[in-house]
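Data from data.csv: CSV, C-alpha atoms
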chain,number,residue,atom,x,y,z
A,1,MET,CA,-42.6,-156.1,-35.9
A,2,ALA,CA,-46.1,-157.2,-36.9
A,3,LYS,CA,-48.6,-154.3,-37.2
A,4,SER,CA,-50.9,-155.9,-34.7
A,5,VAL,CA,-48.4,-155.8,-31.9
A,6,GLN,CA,-49.2,-152.4,-30.2
A,7,SER,CA,-48.1,-152.9,-26.7
A,8,THR,CA,-45.9,-155.0,-24.4
A,9,SER,CA,-45.8,-155.6,-20.7
A,10,LEU,CA,-43.0,-156.8,-18.4
A,11,ILE,CA,-43.0,-157.6,-14.7
A,12,ILE,CA,-39.6,-157.6,-12.9
A,13,PRO,CA,-38.6,-158.1,-9.3
A,14,ALA,CA,-38.0,-154.8,-7.4
A,15,ASP,CA,-34.2,-155.2,-7.8
A,16,THR,CA,-32.0,-152.7,-9.8
A,17,ARG,CA,-30.1,-155.6,-11.3
A,18,PHE,CA,-33.0,-156.2,-13.6
A,19,VAL,CA,-33.4,-152.6,-14.8
A,20,ALA,CA,-30.7,-152.7,-17.4
A,21,SER,CA,-32.3,-155.5,-19.4
A,22,VAL,CA,-35.7,-153.7,-19.2
A,23,ARG,CA,-34.4,-150.4,-20.5
A,24,VAL,CA,-32.5,-152.2,-23.3
A,25,PHE,CA,-35.7,-154.0,-24.2
A,26,ALA,CA,-37.6,-150.6,-24.3
A,27,TYR,CA,-34.9,-149.3,-26.6
A,28,GLU,CA,-35.3,-152.2,-29.0
A,29,PHE,CA,-39.0,-151.9,-28.9
A,30,MET,CA,-38.8,-148.3,-30.0
A,31,LYS,CA,-36.5,-149.2,-32.8
A,32,GLN,CA,-39.0,-151.8,-34.0
A,33,VAL,CA,-41.7,-149.2,-34.2
A,34,LYS,CA,-39.4,-147.0,-36.3
A,35,ALA,CA,-38.4,-144.5,-33.7
A,36,SER,CA,-35.2,-142.6,-34.3
A,37,GLU,CA,-32.0,-143.6,-32.5
A,38,LYS,CA,-32.3,-140.4,-30.4
A,39,ASP,CA,-35.9,-141.1,-29.4
A,40,ALA,CA,-35.2,-144.8,-28.7
A,41,LYS,CA,-32.2,-143.8,-26.4
A,42,ARG,CA,-34.5,-141.3,-24.7
A,43,THR,CA,-37.0,-144.1,-24.1
A,44,GLU,CA,-34.2,-146.2,-22.6
A,45,PHE,CA,-33.3,-143.4,-20.2
A,46,ILE,CA,-37.0,-142.8,-19.2
A,47,VAL,CA,-37.7,-146.4,-18.6
A,48,GLY,CA,-34.5,-146.8,-16.6
A,49,GLU,CA,-35.3,-143.9,-14.4
A,50,LEU,CA,-39.0,-144.8,-13.9
A,51,CYS,CA,-38.1,-148.4,-13.0
A,52,THR,CA,-35.2,-147.4,-10.7
A,53,ASN,CA,-37.5,-144.9,-8.9
A,54,ALA,CA,-40.2,-147.4,-8.6
A,55,ILE,CA,-37.8,-149.8,-7.0
A,56,GLU,CA,-36.4,-147.2,-4.7
A,57,TYR,CA,-39.9,-146.2,-3.5
A,58,GLY,CA,-40.9,-149.8,-3.0
A,59,LYS,CA,-39.4,-150.9,0.3
A,60,SER,CA,-40.4,-154.5,0.3
A,61,VAL,CA,-38.0,-157.1,-1.1
A,62,SER,CA,-41.0,-159.0,-2.4
A,63,ALA,CA,-42.3,-156.1,-4.4
A,64,SER,CA,-42.3,-156.1,-8.2
A,65,VAL,CA,-42.4,-153.5,-10.9
A,66,GLN,CA,-44.5,-153.7,-14.0
A,67,LEU,CA,-43.6,-151.8,-17.2
A,68,LYS,CA,-46.0,-151.3,-20.0
A,69,LEU,CA,-45.2,-149.8,-23.4
A,70,ILE,CA,-48.3,-148.9,-25.4
A,71,LEU,CA,-48.0,-147.6,-28.9
A,72,GLU,CA,-50.7,-144.9,-29.4
A,73,GLY,CA,-50.8,-144.0,-33.1
A,74,SER,CA,-47.7,-144.0,-35.2
A,75,ASN,CA,-45.6,-141.6,-33.1
A,76,SER,CA,-46.7,-141.7,-29.6
A,77,MET,CA,-45.6,-144.2,-26.9
A,78,ARG,CA,-47.4,-144.4,-23.5
A,79,ILE,CA,-45.0,-145.6,-20.9
A,80,GLU,CA,-46.5,-146.9,-17.7
A,81,CYS,CA,-44.5,-148.0,-14.6
A,82,ILE,CA,-46.4,-149.6,-11.7
A,83,ASN,CA,-44.9,-150.7,-8.5
A,84,SER,CA,-46.2,-152.5,-5.5
A,85,LEU,CA,-45.4,-150.6,-2.3
A,86,GLU,CA,-45.8,-152.9,0.6
A,87,ASP,CA,-45.2,-151.1,3.9
A,88,SER,CA,-44.1,-148.0,2.1
A,89,SER,CA,-45.0,-144.4,3.3
A,90,ILE,CA,-44.5,-143.1,-0.2
A,91,THR,CA,-47.6,-141.6,-1.7
A,92,ALA,CA,-48.6,-140.5,-5.2
A,93,GLU,CA,-48.7,-136.9,-3.9
A,94,SER,CA,-45.0,-137.1,-2.8
A,95,ILE,CA,-44.0,-138.5,-6.2
A,96,VAL,CA,-46.0,-135.7,-8.0
A,97,GLU,CA,-44.0,-133.3,-5.9
A,98,ARG,CA,-40.7,-134.8,-7.0
A,99,PHE,CA,-41.8,-135.0,-10.6
A,100,HIS,CA,-42.4,-131.3,-10.7
A,101,LYS,CA,-39.4,-130.3,-8.7
A,102,GLU,CA,-36.7,-128.2,-10.3
A,103,VAL,CA,-33.2,-129.5,-10.4
A,104,ASP,CA,-31.0,-128.4,-7.5
A,105,GLU,CA,-27.6,-128.1,-9.2
A,106,SER,CA,-25.7,-128.7,-6.0
A,107,SER,CA,-27.6,-131.9,-5.3
A,108,LYS,CA,-26.5,-135.3,-6.4
A,109,ARG,CA,-30.1,-136.5,-6.8
A,110,GLY,CA,-33.3,-135.4,-8.3
A,111,ARG,CA,-32.5,-135.3,-12.0
A,112,GLY,CA,-34.1,-138.5,-13.2
A,113,LEU,CA,-37.8,-137.4,-12.9
A,114,PHE,CA,-36.8,-134.0,-14.2
A,115,VAL,CA,-35.5,-135.5,-17.4
A,116,VAL,CA,-38.6,-137.7,-17.7
A,117,ARG,CA,-40.7,-134.5,-17.4
A,118,GLN,CA,-38.8,-132.7,-20.1
A,119,TRP,CA,-39.0,-135.6,-22.6
A,120,THR,CA,-42.7,-136.6,-22.0
A,121,LYS,CA,-46.1,-135.1,-21.6
A,122,ASN,CA,-49.5,-136.0,-20.1
A,123,ALA,CA,-48.0,-137.4,-16.9
A,124,LEU,CA,-50.4,-139.2,-14.6
A,125,ILE,CA,-49.3,-140.3,-11.2
A,126,GLU,CA,-51.9,-142.2,-9.1
A,127,GLU,CA,-52.2,-144.6,-6.3
A,128,ILE,CA,-53.8,-147.9,-7.5
A,129,ASP,CA,-54.5,-151.1,-5.6
A,130,GLY,CA,-51.3,-152.1,-3.9
A,131,GLY,CA,-49.0,-149.5,-5.5
A,132,ILE,CA,-48.4,-146.4,-7.5
A,133,LYS,CA,-48.7,-146.0,-11.3
A,134,ILE,CA,-46.7,-143.4,-13.3
A,135,SER,CA,-47.9,-142.9,-16.8
A,136,VAL,CA,-46.2,-140.6,-19.4
A,137,VAL,CA,-46.4,-140.2,-23.1
A,138,GLN,CA,-43.4,-139.8,-25.3
A,139,LEU,CA,-43.8,-138.4,-28.8
A,140,PHE,CA,-41.3,-139.6,-31.4
B,1,MET,CA,-24.5,-155.7,-12.8
B,2,SER,CA,-23.9,-153.6,-15.9
B,3,ASP,CA,-20.5,-153.6,-17.4
B,4,VAL,CA,-18.4,-150.5,-16.8
B,5,GLN,CA,-14.7,-149.8,-16.7
B,6,VAL,CA,-12.9,-146.8,-15.1
B,7,ASN,CA,-9.3,-146.2,-16.1
B,8,ILE,CA,-7.4,-143.4,-14.5
B,9,SER,CA,-4.1,-142.3,-16.1
B,10,PRO,CA,-1.9,-139.3,-15.6
B,11,ILE,CA,-1.4,-136.9,-18.5
B,12,GLU,CA,2.3,-136.5,-19.2
B,13,GLY,CA,3.8,-133.1,-19.7
B,14,ALA,CA,0.7,-131.3,-18.3
B,15,GLY,CA,2.8,-128.6,-16.6
B,16,ALA,CA,2.9,-127.7,-13.0
B,17,ASP,CA,-0.6,-128.9,-12.2
B,18,LYS,CA,-1.3,-132.6,-11.9
B,19,ALA,CA,-3.6,-133.8,-14.6
B,20,TYR,CA,-5.4,-137.0,-15.2
B,21,ILE,CA,-7.6,-138.6,-17.8
B,22,ILE,CA,-10.4,-140.6,-16.3
B,23,ALA,CA,-11.8,-142.9,-19.1
B,24,ILE,CA,-15.2,-144.4,-18.4
B,25,SER,CA,-16.5,-147.0,-20.8
B,26,GLY,CA,-19.6,-149.2,-20.8
B,27,GLN,CA,-22.8,-148.3,-18.8
B,28,LEU,CA,-23.0,-146.4,-15.6
B,29,ASP,CA,-26.2,-147.1,-13.7
B,30,GLU,CA,-27.7,-147.9,-10.3
B,31,THR,CA,-25.9,-151.2,-10.1
B,32,ASN,CA,-22.4,-149.9,-10.4
B,33,VAL,CA,-22.1,-146.2,-10.1
B,34,ASP,CA,-21.6,-146.1,-6.3
B,35,GLU,CA,-18.8,-148.6,-6.4
B,36,GLN,CA,-17.1,-147.1,-9.5
B,37,SER,CA,-17.2,-143.6,-8.2
B,38,LYS,CA,-15.1,-144.5,-5.2
B,39,GLN,CA,-12.0,-144.7,-7.4
B,40,ILE,CA,-12.6,-141.1,-8.4
B,41,TYR,CA,-13.2,-139.9,-4.9
B,42,ASP,CA,-10.0,-141.7,-3.8
B,43,LEU,CA,-8.1,-139.7,-6.5
B,44,LEU,CA,-9.6,-136.4,-5.4
B,45,GLU,CA,-8.7,-137.2,-1.8
B,46,LYS,CA,-5.2,-138.3,-2.6
B,47,GLU,CA,-4.5,-135.2,-4.7
B,48,GLY,CA,-6.4,-132.8,-2.6
B,49,ALA,CA,-8.8,-132.1,-5.5
B,50,LYS,CA,-6.6,-129.4,-6.9
B,51,ILE,CA,-6.0,-131.2,-10.1
B,52,ASN,CA,-7.1,-131.0,-13.7
B,53,ILE,CA,-9.2,-133.8,-15.0
B,54,ILE,CA,-10.5,-134.8,-18.4
B,55,LEU,CA,-13.4,-137.2,-18.1
B,56,ASP,CA,-13.2,-139.2,-21.3
B,57,ILE,CA,-16.7,-140.7,-21.8
B,58,SER,CA,-16.3,-141.5,-25.5
B,59,GLU,CA,-16.9,-145.2,-24.8
B,60,LEU,CA,-19.7,-144.6,-22.3
B,61,THR,CA,-23.0,-145.7,-23.8
B,62,TYR,CA,-25.4,-145.1,-20.9
B,63,MET,CA,-25.4,-142.8,-17.9
B,64,ASN,CA,-28.2,-142.6,-15.4
B,65,SER,CA,-29.3,-139.6,-13.4
B,66,LYS,CA,-27.4,-140.7,-10.4
B,67,SER,CA,-24.2,-140.8,-12.4
B,68,ILE,CA,-24.9,-137.2,-13.5
B,69,GLY,CA,-25.2,-136.3,-9.8
B,70,TYR,CA,-21.8,-137.8,-9.1
B,71,LEU,CA,-20.3,-135.9,-12.1
B,72,THR,CA,-21.7,-132.6,-10.7
B,73,ASP,CA,-20.2,-133.4,-7.3
B,74,TRP,CA,-16.7,-134.2,-8.8
B,75,TYR,CA,-16.8,-131.0,-10.8
B,76,THR,CA,-17.8,-129.0,-7.7
B,77,LYS,CA,-15.0,-130.5,-5.6
B,78,VAL,CA,-12.3,-129.9,-8.3
B,79,ASN,CA,-13.5,-126.4,-9.1
B,80,GLU,CA,-13.7,-125.3,-5.5
B,81,ALA,CA,-10.1,-126.5,-5.0
B,82,GLY,CA,-8.9,-124.5,-7.9
B,83,GLY,CA,-8.6,-127.3,-10.5
B,84,LYS,CA,-10.4,-127.9,-13.7
B,85,LEU,CA,-12.7,-130.7,-14.8
B,86,VAL,CA,-13.9,-131.1,-18.4
B,87,VAL,CA,-15.7,-133.8,-20.3
B,88,SER,CA,-14.6,-135.2,-23.6
B,89,GLY,CA,-16.2,-137.2,-26.4
B,90,ALA,CA,-19.8,-137.8,-25.1
B,91,GLN,CA,-21.8,-139.9,-27.5
B,92,ASP,CA,-25.0,-138.2,-28.8
B,93,SER,CA,-27.4,-140.0,-26.4
B,94,VAL,CA,-25.3,-139.2,-23.4
B,95,LEU,CA,-24.8,-135.6,-24.5
B,96,ASP,CA,-28.6,-135.4,-24.9
B,97,VAL,CA,-29.1,-136.2,-21.3
B,98,LEU,CA,-26.3,-133.9,-20.1
B,99,THR,CA,-27.8,-131.1,-22.1
B,100,VAL,CA,-31.3,-131.5,-20.8
B,101,VAL,CA,-30.2,-131.3,-17.2
B,102,GLY,CA,-28.1,-128.3,-17.9
B,103,ILE,CA,-24.7,-129.9,-17.2
B,104,THR,CA,-23.2,-128.7,-20.4
B,105,ASN,CA,-23.8,-125.1,-19.2
B,106,LEU,CA,-21.8,-125.9,-16.1
B,107,ILE,CA,-19.1,-128.3,-17.3
B,108,GLN,CA,-17.3,-127.7,-20.6
B,109,HIS,CA,-17.6,-130.5,-23.1
B,110,TYR,CA,-15.1,-131.1,-25.9
B,111,PRO,CA,-16.0,-133.5,-28.7
B,112,LYS,CA,-12.3,-134.6,-29.1
B,113,LEU,CA,-9.8,-135.6,-26.4
B,114,ASP,CA,-7.1,-133.4,-28.0
B,115,GLU,CA,-9.3,-130.4,-27.7
B,116,ALA,CA,-9.9,-131.1,-24.0
B,117,LYS,CA,-6.1,-131.5,-23.4
B,118,GLN,CA,-5.5,-128.2,-25.1
B,119,ALA,CA,-8.1,-126.5,-23.0
B,120,LEU,CA,-6.6,-127.8,-19.8
B,121,SER,CA,-3.1,-126.7,-20.8
B,122,ALA,CA,-4.3,-123.2,-21.7
As structure tokens, the full file:
Amino acid sequence: MAKSVQSTSLIIPADTRFVASVRVFAYEFMKQVKASEKDAKRTEFIVGELCTNAIEYGKSVSASVQLKLILEGSNSMRIECINSLEDSSITAESIVERFHKEVDESSKRGRGLFVVRQWTKNALIEEIDGGIKISVVQLF
Amino acid sequence: MSDVQVNISPIEGAGADKAYIIAISGQLDETNVDEQSKQIYDLLEKEGAKINIILDISELTYMNSKSIGYLTDWYTKVNEAGGKLVVSGAQDSVLDVLTVVGITNLIQHYPKLDEAKQALSA
């Protein structure tokens, strides 16, 4: 990859059918910036979970999800996931709560954001115009 | 929809308890895990869950968090009914996820299928 390319951005429909291609793209992007296989696969998982959650939280079929991968230095990737939440009651506060929740071993859900929390730092979850932005930093 | 295959086959000569290998290959994610898991729930229902299961995931390249939730549920059902469920052959990236959520503390993982078979027959 050319040295000048430091970031990339994708916008997908809020439909889980599109998540697989986005997470594979994120994996390939990490490989291009010389991340290890382990870290690239972690990025794939993080992106998959953030996008899936964003789609789940966005209730409108017309909503979209924007993913940004921003290389900060030689071994730090900022991952941003922004959704548009038309007619949704989900707030940034409720997502912050889920993000910091411990895993309930008996529950089938709730592990995705837990893993994201384990593998990233500097999480920022905020309401922005027309949606919610989750931003995390993965070191590799 | 992501490609995934689930093959369920009985283990011959497994002794008195019924035993199955459930081989999952491809990618388990939001687009397919609900549908694919039905086969496994059908097996648990048919056999009354008191069975031994090796989940062979050596050809599984991606597993999302929801899939891990299902895995936990299958383990709980089998375990509560007096059976055993173990995992075999997880690739490094899948094992990385299973480890960080603590599943490897709950469910035994064997790198090789033969090791898993031995563990079930013990």
**Request:** Select all residues from chain B having any atom no more than 6 Å from an atom of chain A (counting all atoms listed in the file, ignoring ligands), output as number ranges by chain.
**Result:** B: 1, 65, 69-70
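Rounded to one decimal, CA of Leu120 in chain B and CA of Asn105 in chain B lie 17.4 Å from each other.
Note that CA of Val47 in chain A and CA of Glu93 in chain A are 20.7 Å apart.
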**Request:** For range 73-86 of chain B, please output as a count of residues only all residues within 8 Å (counting all atoms listed in the file; exclusion window: fewer than 2 positions along the same chain).
**Result:** 23
**Asked** When distances are computed from all atoms listed in the file, which of A:Leu124, A:Ile11, A:Ile90, A:Met30 shows the smallest separation from Cys51 in chain A?
**Response** A:Ile11
